[in-house]
$ cat data_8.tsv   # TSV, C-alpha atoms
chain	number	residue	atom	x	y	z
M	10	MET	CA	17.31	-10.09	-6.14
M	11	VAL	CA	14.34	-12.38	-6.69
M	12	VAL	CA	10.61	-11.75	-6.16
M	13	PRO	CA	7.97	-14.45	-6.89
M	14	LEU	CA	4.94	-13.04	-8.75
M	15	HIS	CA	1.38	-14.16	-8.09
M	16	ASP	CA	1.03	-15.78	-11.52
M	17	GLY	CA	3.99	-18.11	-10.91
M	18	ARG	CA	6.59	-16.10	-12.80
M	19	ILE	CA	9.73	-14.84	-11.07
M	20	PHE	CA	11.02	-11.25	-11.09
M	21	ILE	CA	14.84	-11.13	-11.12
M	22	CYS	CA	16.77	-7.87	-10.76
M	23	GLY	CA	20.52	-7.32	-11.00
M	24	GLY	CA	23.15	-4.89	-12.19
M	25	THR	CA	26.72	-4.36	-13.27
M	26	SER	CA	29.58	-2.16	-12.12
M	27	GLU	CA	28.60	0.30	-14.83
M	28	PRO	CA	25.46	2.44	-14.41
M	29	LYS	CA	23.24	-0.25	-15.87
M	30	CYS	CA	20.45	-2.24	-14.25
M	31	TRP	CA	18.56	-5.10	-15.80
M	32	VAL	CA	15.43	-7.04	-15.02
M	33	GLU	CA	14.34	-10.45	-16.24
M	34	ILE	CA	11.00	-12.17	-15.81
M	35	TYR	CA	11.40	-15.94	-15.68
M	36	ASP	CA	8.44	-18.12	-16.68
M	37	PRO	CA	8.95	-21.66	-15.28
M	38	GLU	CA	6.18	-23.09	-17.47
M	39	LYS	CA	7.81	-21.86	-20.68
M	40	GLY	CA	11.33	-22.20	-19.33
M	41	GLY	CA	12.35	-18.80	-20.73
M	42	PHE	CA	13.45	-15.32	-19.66
M	43	ASP	CA	11.87	-12.03	-20.72
M	44	ARG	CA	14.46	-9.25	-20.56
M	45	ARG	CA	13.45	-5.78	-19.28
M	46	ASP	CA	15.65	-2.71	-18.86
M	47	LEU	CA	15.46	0.25	-16.53
M	48	PRO	CA	15.35	3.70	-18.18
M	49	ASP	CA	18.79	4.91	-19.26
M	50	ASP	CA	18.63	7.97	-17.01
M	51	ILE	CA	18.66	5.90	-13.83
M	52	LEU	CA	22.28	6.08	-12.76
M	53	ASN	CA	22.46	3.66	-9.83
M	54	PRO	CA	22.05	0.03	-10.90
M	55	PHE	CA	21.98	-1.70	-7.53
M	56	PRO	CA	18.67	-1.95	-5.62
M	57	SER	CA	19.14	-2.76	-1.94
M	58	SER	CA	15.72	-4.34	-1.46
M	59	CYS	CA	12.64	-5.28	-3.45
M	60	PHE	CA	9.22	-6.75	-2.75
M	61	LEU	CA	5.88	-7.48	-4.42
M	62	TRP	CA	3.35	-4.78	-3.52
M	63	ALA	CA	0.35	-5.43	-5.78
M	64	ASP	CA	-0.44	-8.38	-8.06
M	65	GLN	CA	1.96	-7.31	-10.80
M	66	SER	CA	3.79	-4.36	-9.22
M	67	VAL	CA	7.26	-4.68	-7.73
M	68	MET	CA	8.74	-2.04	-5.43
M	69	LEU	CA	12.52	-1.53	-5.50
M	70	TYR	CA	14.53	0.43	-2.94
M	71	TYR	CA	17.59	2.39	-4.03
M	72	THR	CA	19.85	4.11	-1.52
M	73	LYS	CA	20.96	6.56	-4.20
M	74	ILE	CA	19.09	7.13	-7.42
M	75	SER	CA	19.53	9.89	-9.96
M	76	ILE	CA	16.82	10.60	-12.51
M	77	LYS	CA	18.18	12.96	-15.16
M	78	GLU	CA	19.68	15.85	-13.17
M	79	GLN	CA	17.82	15.41	-9.91
M	80	VAL	CA	19.75	15.06	-6.67
M	81	CYS	CA	20.58	11.50	-5.58
M	82	LYS	CA	18.50	10.38	-2.62
M	83	PRO	CA	17.02	7.19	-1.13
M	84	SER	CA	13.99	6.30	-3.23
M	85	LEU	CA	11.33	3.71	-3.87
M	86	LEU	CA	10.89	2.83	-7.53
M	87	LEU	CA	7.66	1.16	-8.67
M	88	TYR	CA	7.69	-1.22	-11.63
M	89	ASP	CA	4.51	-2.41	-13.36
M	90	VAL	CA	5.43	-5.83	-14.77
M	91	GLU	CA	2.58	-6.06	-17.29
M	92	ARG	CA	2.89	-2.51	-18.66
M	93	ASN	CA	6.70	-2.49	-18.42
M	94	ASN	CA	6.43	0.92	-16.79
M	95	TRP	CA	8.80	2.49	-14.24
M	96	LYS	CA	8.14	5.48	-11.99
M	97	ILE	CA	9.53	7.07	-8.85
M	98	PHE	CA	7.11	6.16	-6.07
M	99	ALA	CA	8.58	7.99	-3.06
M	100	GLU	CA	11.65	10.03	-2.17
M	101	ASN	CA	10.80	10.98	1.42
M	102	LEU	CA	12.14	7.92	3.21
M	103	PRO	CA	13.66	8.56	6.64
M	104	ASP	CA	17.40	9.08	6.73
M	105	SER	CA	19.84	7.23	8.93
M	106	LYS	CA	22.72	9.27	10.30
M	107	SER	CA	24.40	6.42	12.15
M	108	TYR	CA	24.31	3.45	9.78
M	109	ASP	CA	24.95	2.53	6.18
M	110	LEU	CA	21.81	2.99	4.09
M	111	GLU	CA	22.93	0.24	1.73
M	112	LYS	CA	22.39	-2.27	4.54
M	113	ARG	CA	18.93	-0.99	5.40
M	114	MET	CA	16.22	-3.65	5.64
M	115	LEU	CA	12.79	-2.99	4.15
M	116	ILE	CA	10.20	-5.56	5.18
M	117	TYR	CA	6.73	-5.50	3.64
M	118	VAL	CA	4.12	-7.15	5.88
M	119	GLY	CA	0.97	-6.64	3.79
M	120	GLY	CA	-1.56	-3.94	3.00
M	121	ASN	CA	0.30	-0.65	2.93
M	122	ILE	CA	2.64	-1.29	5.86
M	123	LEU	CA	6.40	-1.28	5.34
M	124	PHE	CA	8.89	-1.67	8.19
M	125	ILE	CA	12.24	0.10	7.75
M	126	ILE	CA	15.03	-1.38	9.88
M	127	ASP	CA	18.65	-0.27	9.93
M	128	GLN	CA	19.40	-0.16	13.64
M	129	ALA	CA	18.36	-2.56	16.34
M	130	SER	CA	16.74	-0.18	18.83
M	131	CYS	CA	14.70	2.06	16.53
M	132	TRP	CA	12.57	1.12	13.50
M	133	PHE	CA	10.26	3.12	11.26
M	134	VAL	CA	6.80	2.23	9.95
M	135	TYR	CA	6.10	3.65	6.47
M	136	ASP	CA	2.59	3.83	4.98
M	137	LEU	CA	2.70	3.15	1.24
M	138	SER	CA	-0.76	4.65	0.67
M	139	THR	CA	0.02	8.05	2.21
M	140	ARG	CA	3.75	7.79	1.45
M	141	LYS	CA	4.62	8.96	4.95
M	142	VAL	CA	6.31	7.65	8.09
M	143	VAL	CA	3.39	6.84	10.40
M	144	GLY	CA	5.18	5.24	13.30
M	145	LYS	CA	8.40	4.78	15.20
M	146	VAL	CA	9.13	1.52	17.01
M	147	ASP	CA	11.42	1.60	20.04
M	148	VAL	CA	12.96	-1.84	20.64
M	149	ARG	CA	14.55	-2.54	24.02
M	150	VAL	CA	17.71	-4.25	22.84
M	151	GLU	CA	21.32	-3.11	22.75
M	152	ASP	CA	21.65	-0.81	19.76
M	153	GLY	CA	23.74	-1.70	16.75
M	154	GLU	CA	23.66	-2.21	13.02
M	155	VAL	CA	21.25	-4.91	11.85
M	156	MET	CA	22.90	-7.45	9.55
M	157	GLN	CA	19.68	-9.22	8.64
M	158	ALA	CA	16.01	-9.01	9.54
M	159	LEU	CA	13.44	-11.72	8.85
M	160	TYR	CA	9.65	-11.72	8.88
M	161	LEU	CA	8.13	-15.20	8.66
M	162	GLY	CA	4.45	-14.28	8.81
M	163	ASN	CA	1.89	-13.79	6.05
M	164	ASN	CA	0.85	-10.56	4.33
M	165	ASP	CA	-2.73	-10.48	5.60
M	166	ILE	CA	-3.94	-6.87	5.74
M	167	LYS	CA	-5.92	-7.68	8.90
M	168	ASN	CA	-2.79	-8.41	10.94
M	169	ILE	CA	-2.15	-6.10	13.88
M	170	SER	CA	0.94	-7.91	15.15
M	171	TRP	CA	4.08	-9.14	13.43
M	172	ILE	CA	7.06	-11.20	14.61
M	173	PHE	CA	10.57	-10.38	13.38
M	174	TYR	CA	14.00	-11.92	13.89
M	175	ILE	CA	16.94	-9.52	13.81
M	176	PHE	CA	20.66	-10.35	13.74
M	177	MET	CA	23.47	-7.99	14.80
M	178	PRO	CA	27.27	-8.37	14.94
M	179	ASP	CA	28.56	-8.17	18.49
M	180	VAL	CA	32.33	-8.57	18.74
M	181	SER	CA	35.07	-8.94	16.13
M	182	HIS	CA	38.18	-10.61	17.46
M	183	ARG	CA	41.72	-10.37	16.21
M	184	TYR	CA	41.82	-13.88	14.80
M	185	GLY	CA	38.44	-13.86	13.12
M	186	TYR	CA	36.23	-14.89	16.00
M	187	SER	CA	32.97	-12.99	16.20
M	188	ASP	CA	29.83	-13.01	18.25
M	189	LEU	CA	26.35	-12.71	16.80
M	190	ARG	CA	23.45	-11.23	18.71
M	191	HIS	CA	19.91	-12.05	17.70
M	192	ALA	CA	16.48	-11.15	18.97
M	193	LYS	CA	12.89	-12.20	18.40
M	194	VAL	CA	10.68	-9.12	18.43
M	195	GLU	CA	6.90	-8.86	18.24
M	196	VAL	CA	5.47	-5.53	17.08
M	197	VAL	CA	1.83	-4.80	17.97
M	198	GLN	CA	-0.35	-1.99	16.65
M	199	ASP	CA	-2.85	-0.72	19.21
M	200	LYS	CA	-6.29	0.75	18.56
M	201	GLY	CA	-4.85	4.25	18.46
M	202	GLY	CA	-2.45	3.32	15.68
M	203	ASP	CA	0.73	3.35	17.77
M	204	TYR	CA	3.29	0.55	17.49
M	205	THR	CA	4.82	-1.23	20.48
M	206	ALA	CA	7.70	-3.71	20.43
M	207	ILE	CA	7.90	-6.72	22.75
M	208	VAL	CA	11.28	-8.48	22.87
M	209	GLN	CA	10.48	-12.18	23.30
M	210	LEU	CA	14.05	-13.46	23.04
M	211	SER	CA	17.50	-11.89	22.98
M	212	SER	CA	20.81	-13.77	23.09
M	213	SER	CA	24.37	-13.87	21.82
M	214	GLU	CA	26.20	-16.71	20.11
M	215	SER	CA	29.91	-17.23	19.45
M	216	TRP	CA	31.01	-18.26	15.99
M	217	LEU	CA	34.30	-19.85	15.04
M	218	PRO	CA	36.24	-18.34	12.17
M	219	TYR	CA	36.26	-19.93	8.74
M	220	ARG	CA	39.45	-21.91	8.22
M	221	PRO	CA	40.37	-23.43	4.83
M	222	LEU	CA	41.44	-27.07	4.73
M	223	TYR	CA	44.78	-28.07	3.23
M	224	TYR	CA	45.66	-31.61	2.22
M	225	CYS	CA	49.30	-32.77	2.22
M	226	ARG	CA	50.59	-35.69	0.20

$ encode --input "data_8.tsv" --output "structure tokens"
Amino acid sequence: MVVPLHDGRIFICGGTSEPKCWVEIYDPEKGGFDRRDLPDDILNPFPSSCFLWADQSVMLYYTKISIKEQVCKPSLLLYDVERNNWKIFAENLPDSKSYDLEKRMLIYVGGNILFIIDQASCWFVYDLSTRKVVGKVDVRVEDGEVMQALYLGNNDIKNISWIFYIFMPDVSHRYGYSDLRHAKVEVVQDKGGDYTAIVQLSSSESWLPYRPLYYCR
């Protein structure tokens, strides 16, 4: 996973099949990598999402993280790039009983607002300052697991509306054919602090299966 930093450097996070996670900071001006390591007592090496929260602070989302002997649970881990300091930021993220947490989408839109999306019809709004769920967004689309969610706006803290694009699998056919549903959704925060979703576009597309090419001589 890659996160551009404000000073032009690039935060890169990865892992291996063993309980080991690594971080590198790439400086394009110097053309070199600065290796950083997570603490040894973090047992899950694969973050599912990460984003830049403050100037030099990167937030990483782990579906299961174990610090020493604590119980594994979905967690946000905060990394201070300059101080090379790691700490658990939050462990009270909402659970999903219907869908795979490893496919959960976390979309940071600026300020302290984080959208949590793992199903099409119901999203959560998480406040990073209070570390609490502050809103639930009901989206009037056919429910299903979200494959990908995109936010193409800026991170201005004054924004009170945000436009997202979500993509969901529709049908899997015997011979590899599948349909893909997608929707354009605007979320608006009213003066009372509640969040309302407006579906601006919803459609389904058919996709042909991938077929390898063979050349005969």

$ residues_around --input "data_8.tsv" --residues "Val155 of chain M" --least-positions-apart "3" --cutoff "9 Å" --atoms "only C-alpha atoms" --output "ChimeraX atom specification"
/M:112-114,126-129,152,158,175-178

$ atom_distance --input "data_8.tsv" --atom1 "atom CA of Asn163 of chain M" --atom2 "atom CA of Asn94 of chain M"
27.5 Å

$ closest_residue --input "data_8.tsv" --among "M:Leu47, M:Leu115, M:Ser58, M:Leu189" --to "Ile97 of chain M" --atoms "all atoms listed in the file"
M:Leu47

$ closest_residue --input "data_8.tsv" --among "M:Val32, M:Leu159, M:Val11, M:Ala99" --to "Thr139 of chain M" --atoms "only C-alpha atoms"
M:Ala99

$ residues_around --input "data_8.tsv" --residues "Gly17 of chain M" --least-positions-apart "5" --cutoff "12 Å" --atoms "only C-alpha atoms" --output "VMD selection string"
chain M and resid 12 34 to 40 64 to 65

$ closest_residue --input "data_8.tsv" --among "M:Val196, M:Ile172, M:Met68, M:Leu161" --to "Trp132 of chain M" --atoms "all atoms listed in the file"
M:Val196

$ atom_distance --input "data_8.tsv" --atom1 "atom CA of Val148 of chain M" --atom2 "atom CA of Cys131 of chain M"
5.9 Å

$ residues_around --input "data_8.tsv" --residues "Arg45 of chain M" --least-positions-apart "5" --cutoff "12 Å" --atoms "only C-alpha atoms" --output "PyMOL selection string"
chain M and resi 20-23+29-35+88-95

$ write_last_selection --input "data_8.tsv" --atoms "C-alpha atoms" --output "PDB file, keeping the file's coordinate frame"
ATOM      1  CA  PHE M  20      11.020 -11.250 -11.090  1.00  0.00           C
ATOM      2  CA  ILE M  21      14.840 -11.130 -11.120  1.00  0.00           C
ATOM      3  CA  CYS M  22      16.770  -7.870 -10.760  1.00  0.00           C
ATOM      4  CA  GLY M  23      20.520  -7.320 -11.000  1.00  0.00           C
ATOM      5  CA  LYS M  29      23.240  -0.250 -15.870  1.00  0.00           C
ATOM      6  CA  CYS M  30      20.450  -2.240 -14.250  1.00  0.00           C
ATOM      7  CA  TRP M  31      18.560  -5.100 -15.800  1.00  0.00           C
ATOM      8  CA  VAL M  32      15.430  -7.040 -15.020  1.00  0.00           C
ATOM      9  CA  GLU M  33      14.340 -10.450 -16.240  1.00  0.00           C
ATOM     10  CA  ILE M  34      11.000 -12.170 -15.810  1.00  0.00           C
ATOM     11  CA  TYR M  35      11.400 -15.940 -15.680  1.00  0.00           C
ATOM     12  CA  TYR M  88       7.690  -1.220 -11.630  1.00  0.00           C
ATOM     13  CA  ASP M  89       4.510  -2.410 -13.360  1.00  0.00           C
ATOM     14  CA  VAL M  90       5.430  -5.830 -14.770  1.00  0.00           C
ATOM     15  CA  GLU M  91       2.580  -6.060 -17.290  1.00  0.00           C
ATOM     16  CA  ARG M  92       2.890  -2.510 -18.660  1.00  0.00           C
ATOM     17  CA  ASN M  93       6.700  -2.490 -18.420  1.00  0.00           C
ATOM     18  CA  ASN M  94       6.430   0.920 -16.790  1.00  0.00           C
ATOM     19  CA  TRP M  95       8.800   2.490 -14.240  1.00  0.00           C
TER      20      TRP M  95
END

$ axis_aligned_box --input "data_8.tsv" --around "segment 110-127 of chain M" --padding-each-side "6 Å" --output "JSON"
{"center_x": 10.7, "center_y": -2.1, "center_z": 5.8, "size_x": 36.5, "size_y": 22.1, "size_z": 20.2}

$ residues_around --input "data_8.tsv" --residues "Asp199 of chain M" --least-positions-apart "3" --cutoff "12 Å" --atoms "all atoms listed in the file" --output "list in words"
Gly144, Asn168, Ile169, Ser170, Val196, Gly202, Asp203, Tyr204, Thr205 and Ala206 of chain M

$ residues_near_point --input "data_8.tsv" --point "(-3.5, -9.8, 3.2)" --cutoff "12 Å" --atoms "only C-alpha atoms" --output "list in words"
Trp62, Ala63, Asp64, Tyr117, Val118, Gly119, Gly120, Asn121, Ile122, Gly162, Asn163, Asn164, Asp165, Ile166, Lys167, Asn168 and Ile169 of chain M

$ atom_distance --input "data_8.tsv" --atom1 "atom CA of Trp171 of chain M" --atom2 "atom CA of Asn101 of chain M"
24.4 Å

$ closest_residue --input "data_8.tsv" --among "M:Leu61, M:Val197, M:Leu69, M:Ile207" --to "Leu87 of chain M" --atoms "all atoms listed in the file"
M:Leu69

$ closest_residue --input "data_8.tsv" --among "M:Val150, M:Val67, M:Ser211, M:Asp104" --to "Leu86 of chain M" --atoms "all atoms listed in the file"
M:Val67
